[in-house]
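Q: Pasting in a structure now, in structure tokens, and then I'll have a few things to ask.
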Amino acid sequence: MPAVPHQLPASLIATLPGHYYTDPEIFRQEQERLFESMWFCAIRSADLAGPGAFRTVQVGRENVLITRSRTGELRAFLNICRHRGARLCVEEAGEVRRTLQCPYHAWTYDLDGKLVAAPNLVRMPDVDRVEYGLVKVTLREWLGYAWVCLADEPPSFEETVTGAAVERLGDAAAIEHYGTENLALGKRIVYDVKANWKLIVENFMECYHCATIHPELTDVLPEFAEGYAAQYYVGHGAEFGEDIQGFTVDGSEGFAKLPAVAEDQDRRYYAITVKPAVFINLVPDHVILHRMFPMAEDRTVVECDWLYAPEVVESGADVTKSVELFHRVNAQDFAACERTQPAMASRAYRKGGVLVPSEHHIGIFHEWLIRRLGGGGAGPVH
């Protein structure tokens, strides 16, 4: 871990130094060695309802186009025309009838990425229409989301993605009980956070701050007021308060327990971090999933989905009270991260800060990051 100018007490360990949150070169390395090399949760599969629907997302330094083919499968490509490099789809989302056409020179691709038309293409019979098709990006679906990986040889999905759930919950089947891939989107809120993505991850991983800034959450989950987050213990779920009926902003009743949620999972909250940038929150009647899109060293876009049983959404049931609870948590957390970001450039944080015992697991995250960056890359950790 980072060295400090004096010996720390045994109860404290050092954080990353401040420049890890402000240095554009470190952010560039994170884009290359994390976001462009690991599995990245891009979109909810159901957002692309039918053939020709598409969405574009930023993954590291690359813009990725995800579309649904004529046969119903999801496909992912770099959003770059193979002719002169123009961005193929300039909208964030939309729908085409049969083909994707570059607005610059009208090179045209089918929904499987094959080049199917271009001005004067018939006079160029030597142009291989597959070879000059869109550059494909590896895609997997899990929990009802499309995960993409830009690496030529993607890491094991089972070890790095689904394995994170096993590592956290201690049971491969535990997350499957929530049937997330079959749930319906009840609400989506997009947050534009003026803070480094790592500050958001670190905040989500600990609850030392919960008693200070999350009064609604600690009312529902009283043990969080003690400072130990659910992620501190393998397999542990924070238990609802004795008088709490549901995971709602006022503790009132929510919805019926999801069908396969086990009895020992009822009235409990579980949190999972899938590195580098996904949070999964599990409660008996719904699932909340955060996807982070790091845009700059001091800016992160977070998309947060609230997912419910299909019959809840289809019935038009009011989900406001359950949405409002975690929306307040998000707003409180992101405000804290935005208050922290400016200090990362201060001389007071040049050597970093410290982690108390209930935050020591964040040190493991820091060690993982340093390994991924090859020891720091942009400069020694000091």
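Chain labels run A, B, ... following the order of the structure tokens; each chain numbers its residues from 1, and ligands are numbered from 1 in the order shown.
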Using only C-alpha atoms, tabulate the residues of range 160-223 of chain A lying at most 10 Å from any atom of range 251-265 of chain A, each with its closest atom pair and that distance in Å to one decimal, by chain and increasing residue number, as JSON lines.

A:
{"residue": "A:Ala174", "atom": "CA", "partner": "A:Ala262", "partner_atom": "CA", "distance": 8.3}
{"residue": "A:Ile175", "atom": "CA", "partner": "A:Val261", "partner_atom": "CA", "distance": 8.9}
{"residue": "A:Glu176", "atom": "CA", "partner": "A:Ala260", "partner_atom": "CA", "distance": 8.2}
{"residue": "A:His177", "atom": "CA", "partner": "A:Ala260", "partner_atom": "CA", "distance": 4.8}
{"residue": "A:Tyr178", "atom": "CA", "partner": "A:Val261", "partner_atom": "CA", "distance": 5.7}
{"residue": "A:Gly179", "atom": "CA", "partner": "A:Ala260", "partner_atom": "CA", "distance": 7.4}
{"residue": "A:Thr180", "atom": "CA", "partner": "A:Leu258", "partner_atom": "CA", "distance": 9.7}
{"residue": "A:Leu183", "atom": "CA", "partner": "A:Leu258", "partner_atom": "CA", "distance": 9.5}
{"residue": "A:Glu216", "atom": "CA", "partner": "A:Gly251", "partner_atom": "CA", "distance": 8.6}
{"residue": "A:Leu217", "atom": "CA", "partner": "A:Gly251", "partner_atom": "CA", "distance": 9.4}
{"residue": "A:Asp219", "atom": "CA", "partner": "A:Gly251", "partner_atom": "CA", "distance": 7.7}
{"residue": "A:Val220", "atom": "CA", "partner": "A:Gly251", "partner_atom": "CA", "distance": 6.0}
{"residue": "A:Leu221", "atom": "CA", "partner": "A:Gly251", "partner_atom": "CA", "distance": 9.7}

Q: Could you find all residues in range 16-196 of chain A that DSSP calls strand (DSSP E) from the backbone, and write them as a PyMOL selection string?

A: chain A and resi 40-44+53-59+62-68+74-78+93-95+99-101+108-110+115-117+138-142+145-149+184-193

Q: Take the selection from the previous step and output its residues with C-alpha atoms, as a tab-separated table (two decimals), in the first residue's frame.

A:
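The resulting file, again_39.tsv, is shown below:
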chain	number	residue	atom	x	y	z
A	40	PHE	CA	-18.24	-3.47	-18.92
A	41	CYS	CA	-21.97	-3.40	-18.21
A	42	ALA	CA	-23.31	-1.33	-21.10
A	43	ILE	CA	-27.11	-1.45	-21.41
A	44	ARG	CA	-30.18	-3.25	-20.17
A	53	ALA	CA	-33.15	-0.70	-32.06
A	54	PHE	CA	-29.75	0.60	-31.03
A	55	ARG	CA	-27.93	2.43	-28.29
A	56	THR	CA	-24.44	3.94	-28.16
A	57	VAL	CA	-22.37	3.98	-24.97
A	58	GLN	CA	-18.94	5.24	-24.01
A	59	VAL	CA	-16.58	2.47	-22.89
A	62	GLU	CA	-14.27	4.01	-27.40
A	63	ASN	CA	-17.86	4.61	-28.43
A	64	VAL	CA	-19.70	1.31	-28.71
A	65	LEU	CA	-22.82	0.68	-30.77
A	66	ILE	CA	-25.19	-2.04	-29.53
A	67	THR	CA	-28.08	-3.12	-31.71
A	68	ARG	CA	-30.57	-5.96	-32.03
A	74	LEU	CA	-27.77	-8.36	-29.48
A	75	ARG	CA	-24.69	-7.29	-31.43
A	76	ALA	CA	-21.96	-4.84	-30.41
A	77	PHE	CA	-19.56	-2.92	-32.65
A	78	LEU	CA	-17.20	0.00	-32.47
A	93	ALA	CA	-30.41	5.78	-28.96
A	94	GLY	CA	-32.76	5.14	-31.83
A	95	GLU	CA	-34.13	2.64	-34.28
A	99	THR	CA	-29.46	-1.01	-42.02
A	100	LEU	CA	-27.03	1.41	-40.36
A	101	GLN	CA	-25.84	4.13	-42.72
A	108	THR	CA	-24.20	1.10	-45.19
A	109	TYR	CA	-24.08	-1.94	-42.88
A	110	ASP	CA	-26.64	-4.57	-41.95
A	115	LEU	CA	-21.00	-3.89	-45.37
A	116	VAL	CA	-23.99	-4.10	-47.73
A	117	ALA	CA	-23.88	-0.89	-49.76
A	138	THR	CA	-17.54	-9.25	-27.63
A	139	LEU	CA	-20.90	-9.28	-25.84
A	140	ARG	CA	-22.39	-11.42	-23.06
A	141	GLU	CA	-25.75	-11.12	-21.34
A	142	TRP	CA	-26.22	-11.56	-17.58
A	145	TYR	CA	-27.89	-6.62	-19.14
A	146	ALA	CA	-25.48	-6.58	-22.08
A	147	TRP	CA	-21.86	-6.68	-20.95
A	148	VAL	CA	-19.20	-5.85	-23.53
A	149	CYS	CA	-15.44	-6.31	-23.59
A	184	ALA	CA	-39.04	-5.00	-15.53
A	185	LEU	CA	-37.67	-1.48	-15.41
A	186	GLY	CA	-39.72	0.61	-13.00
A	187	LYS	CA	-37.51	3.70	-12.95
A	188	ARG	CA	-34.19	4.92	-14.34
A	189	ILE	CA	-32.36	7.99	-13.09
A	190	VAL	CA	-29.15	9.27	-14.69
A	191	TYR	CA	-26.75	11.20	-12.47
A	192	ASP	CA	-23.90	13.35	-13.78
A	193	VAL	CA	-21.43	13.33	-10.90

Q: Would you mind listing what lies within 12 Å of range 331-340 of chain A as a PyMOL selection string, with only C-alpha atoms counted and same-chain residues fewer than 4 positions away left out?

A: chain A and resi 18+21-22+189-207+209-217+298-302+304+324-327+344-346+349+353

Q: For Arg87 in chain A, please output as a PyMOL selection string all residues within 10 Å (counting only C-alpha atoms; exclusion window: fewer than 5 positions along the same chain).

A: chain A and resi 63+65+78-82+102-104

Q: How close does each residue of range 28-111 of chain A get to range 357-374 of chain A, giving the shortest atom pair and distance in Å to one decimal for every residue with an atom at most 8 Å away, counting only C-alpha atoms, sorted by chain and residue number, as a Markdown table?

A:
| residue | atom | partner | partner_atom | distance |
| --- | --- | --- | --- | --- |
| A:Gln29 | CA | A:Leu373 | CA | 6.8 |
| A:Glu30 | CA | A:Leu373 | CA | 7.0 |
| A:Arg33 | CA | A:Arg372 | CA | 6.5 |
| A:Leu34 | CA | A:Arg372 | CA | 7.2 |

Q: Pick out each residue of range 153-209 of chain A that DSSP on the backbone tags as helix (DSSP H, G or I); I need them as an NGL selection string.

A: :A and (157-169 or 175-178 or 180-182 or 197-205)

Q: Using only C-alpha atoms, which of the listed residues (A:Ala46, A:Leu16, A:Val274, A:Val135) sits closest to Gly163 in chain A?

A: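 Checking each of A:Ala46, A:Leu16, A:Val274, A:Val135 against Gly163 in chain A, counting only C-alpha atoms, the winner is A:Val274.
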
Q: Have a look at A:Glu25, A:Glu314, A:Asp112, A:Glu226 and name the one nearest to Glu73 in chain A; count only C-alpha atoms.

A: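 Among A:Glu25, A:Glu314, A:Asp112, A:Glu226, it is A:Asp112 that comes nearest to Glu73 in chain A.
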
Q: Considering only C-alpha atoms, state which residue in the set A:Leu12, A:Ile26, A:Val354, A:Val137 is at the smallest distance from Gly375 in chain A.

A: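 Among the listed residues, A:Ile26 lies closest to Gly375 in chain A.
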
Q: Near Ala271 in chain A, counting only C-alpha atoms, which residues have an atom at most 10 Å away, once you skip same-chain residues fewer than 5 positions from it, shown as a PDB file with N, CA and C atoms, in the first residue's frame?

A:
ATOM      1  N   ALA A 165     -20.177 -11.943  -7.704  1.00  0.00           N
ATOM      2  CA  ALA A 165     -21.368 -12.220  -6.913  1.00  0.00           C
ATOM      3  C   ALA A 165     -21.133 -13.394  -5.981  1.00  0.00           C
ATOM      4  N   ARG A 168     -18.929 -12.291  -3.087  1.00  0.00           N
ATOM      5  CA  ARG A 168     -19.631 -11.446  -2.122  1.00  0.00           C
ATOM      6  C   ARG A 168     -20.685 -12.228  -1.325  1.00  0.00           C
ATOM      7  N   LEU A 169     -21.493 -13.041  -2.040  1.00  0.00           N
ATOM      8  CA  LEU A 169     -22.616 -13.702  -1.376  1.00  0.00           C
ATOM      9  C   LEU A 169     -22.253 -15.068  -0.831  1.00  0.00           C
ATOM     10  N   PHE A 204     -19.447   3.583  -2.030  1.00  0.00           N
ATOM     11  CA  PHE A 204     -20.435   2.502  -2.041  1.00  0.00           C
ATOM     12  C   PHE A 204     -19.976   1.328  -1.186  1.00  0.00           C
ATOM     13  N   MET A 205     -18.672   1.123  -1.087  1.00  0.00           N
ATOM     14  CA  MET A 205     -18.151  -0.048  -0.401  1.00  0.00           C
ATOM     15  C   MET A 205     -18.167   0.077   1.117  1.00  0.00           C
ATOM     16  N   ALA A 229     -20.538  -1.761   6.493  1.00  0.00           N
ATOM     17  CA  ALA A 229     -21.363  -1.966   5.312  1.00  0.00           C
ATOM     18  C   ALA A 229     -21.616  -3.451   5.089  1.00  0.00           C
ATOM     19  N   ALA A 230     -22.671  -3.730   4.301  1.00  0.00           N
ATOM     20  CA  ALA A 230     -23.014  -5.120   4.000  1.00  0.00           C
ATOM     21  C   ALA A 230     -21.870  -5.840   3.310  1.00  0.00           C
ATOM     22  N   GLN A 231     -21.052  -5.098   2.557  1.00  0.00           N
ATOM     23  CA  GLN A 231     -19.969  -5.739   1.804  1.00  0.00           C
ATOM     24  C   GLN A 231     -18.776  -6.127   2.684  1.00  0.00           C
ATOM     25  N   TYR A 232     -18.819  -5.711   3.926  1.00  0.00           N
ATOM     26  CA  TYR A 232     -17.680  -6.011   4.811  1.00  0.00           C
ATOM     27  C   TYR A 232     -17.612  -7.498   5.134  1.00  0.00           C
ATOM     28  N   GLY A 235     -21.308 -12.977   2.453  1.00  0.00           N
ATOM     29  CA  GLY A 235     -22.587 -13.625   2.678  1.00  0.00           C
ATOM     30  C   GLY A 235     -23.548 -12.881   3.576  1.00  0.00           C
ATOM     31  N   HIS A 236     -23.121 -11.747   4.117  1.00  0.00           N
ATOM     32  CA  HIS A 236     -23.978 -11.041   5.076  1.00  0.00           C
ATOM     33  C   HIS A 236     -24.921 -10.085   4.366  1.00  0.00           C
ATOM     34  N   GLY A 237     -26.162 -10.084   4.780  1.00  0.00           N
ATOM     35  CA  GLY A 237     -27.132  -9.103   4.332  1.00  0.00           C
ATOM     36  C   GLY A 237     -27.606  -8.291   5.515  1.00  0.00           C
ATOM     37  N   ALA A 238     -27.679  -6.985   5.331  1.00  0.00           N
ATOM     38  CA  ALA A 238     -28.121  -6.121   6.421  1.00  0.00           C
ATOM     39  C   ALA A 238     -29.620  -6.333   6.659  1.00  0.00           C
ATOM     40  N   PHE A 279     -22.613  -1.615  -9.480  1.00  0.00           N
ATOM     41  CA  PHE A 279     -23.130  -1.918  -8.149  1.00  0.00           C
ATOM     42  C   PHE A 279     -24.461  -2.646  -8.307  1.00  0.00           C
ATOM     43  N   ILE A 280     -24.636  -3.724  -7.555  1.00  0.00           N
ATOM     44  CA  ILE A 280     -25.892  -4.462  -7.554  1.00  0.00           C
ATOM     45  C   ILE A 280     -26.443  -4.464  -6.137  1.00  0.00           C
ATOM     46  N   ASN A 281     -27.686  -4.021  -5.981  1.00  0.00           N
ATOM     47  CA  ASN A 281     -28.341  -3.951  -4.676  1.00  0.00           C
ATOM     48  C   ASN A 281     -29.561  -4.867  -4.705  1.00  0.00           C
ATOM     49  N   LEU A 282     -29.631  -5.792  -3.754  1.00  0.00           N
ATOM     50  CA  LEU A 282     -30.690  -6.788  -3.735  1.00  0.00           C
ATOM     51  C   LEU A 282     -31.540  -6.631  -2.485  1.00  0.00           C
ATOM     52  N   VAL A 283     -32.846  -6.461  -2.675  1.00  0.00           N
ATOM     53  CA  VAL A 283     -33.796  -6.472  -1.568  1.00  0.00           C
ATOM     54  C   VAL A 283     -34.937  -7.406  -1.968  1.00  0.00           C
ATOM     55  N   ILE A 288     -31.782  -3.022  -7.501  1.00  0.00           N
ATOM     56  CA  ILE A 288     -31.293  -1.709  -7.956  1.00  0.00           C
ATOM     57  C   ILE A 288     -29.899  -1.918  -8.524  1.00  0.00           C
ATOM     58  N   LEU A 289     -29.695  -1.491  -9.759  1.00  0.00           N
ATOM     59  CA  LEU A 289     -28.393  -1.699 -10.394  1.00  0.00           C
ATOM     60  C   LEU A 289     -27.844  -0.374 -10.913  1.00  0.00           C
TER      61      LEU A 289
END

Q: When you draw a straight line from CA of Leu111 in chain A to CA of Ser69 in chain A, how long is it in Å?

A: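 Those two atoms sit 5.0 Å apart.
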
Q: Go through A:Val313, A:Met124, A:Ala296, A:Ala173 one by one, measure the shortest atom-to-atom distance of each to Asp23 in chain A using only C-alpha atoms, and give the residue with the smallest value.

A: A:Ala296

Q: In Å to one decimal, how far is CA of His290 in chain A from CA of Phe224 in chain A?

A: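 These two atoms are separated by 20.0 Å.
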
Q: Interatomic distance between CA of Arg268 in chain A and CA of Trp39 in chain A?

A: 28.2 Å
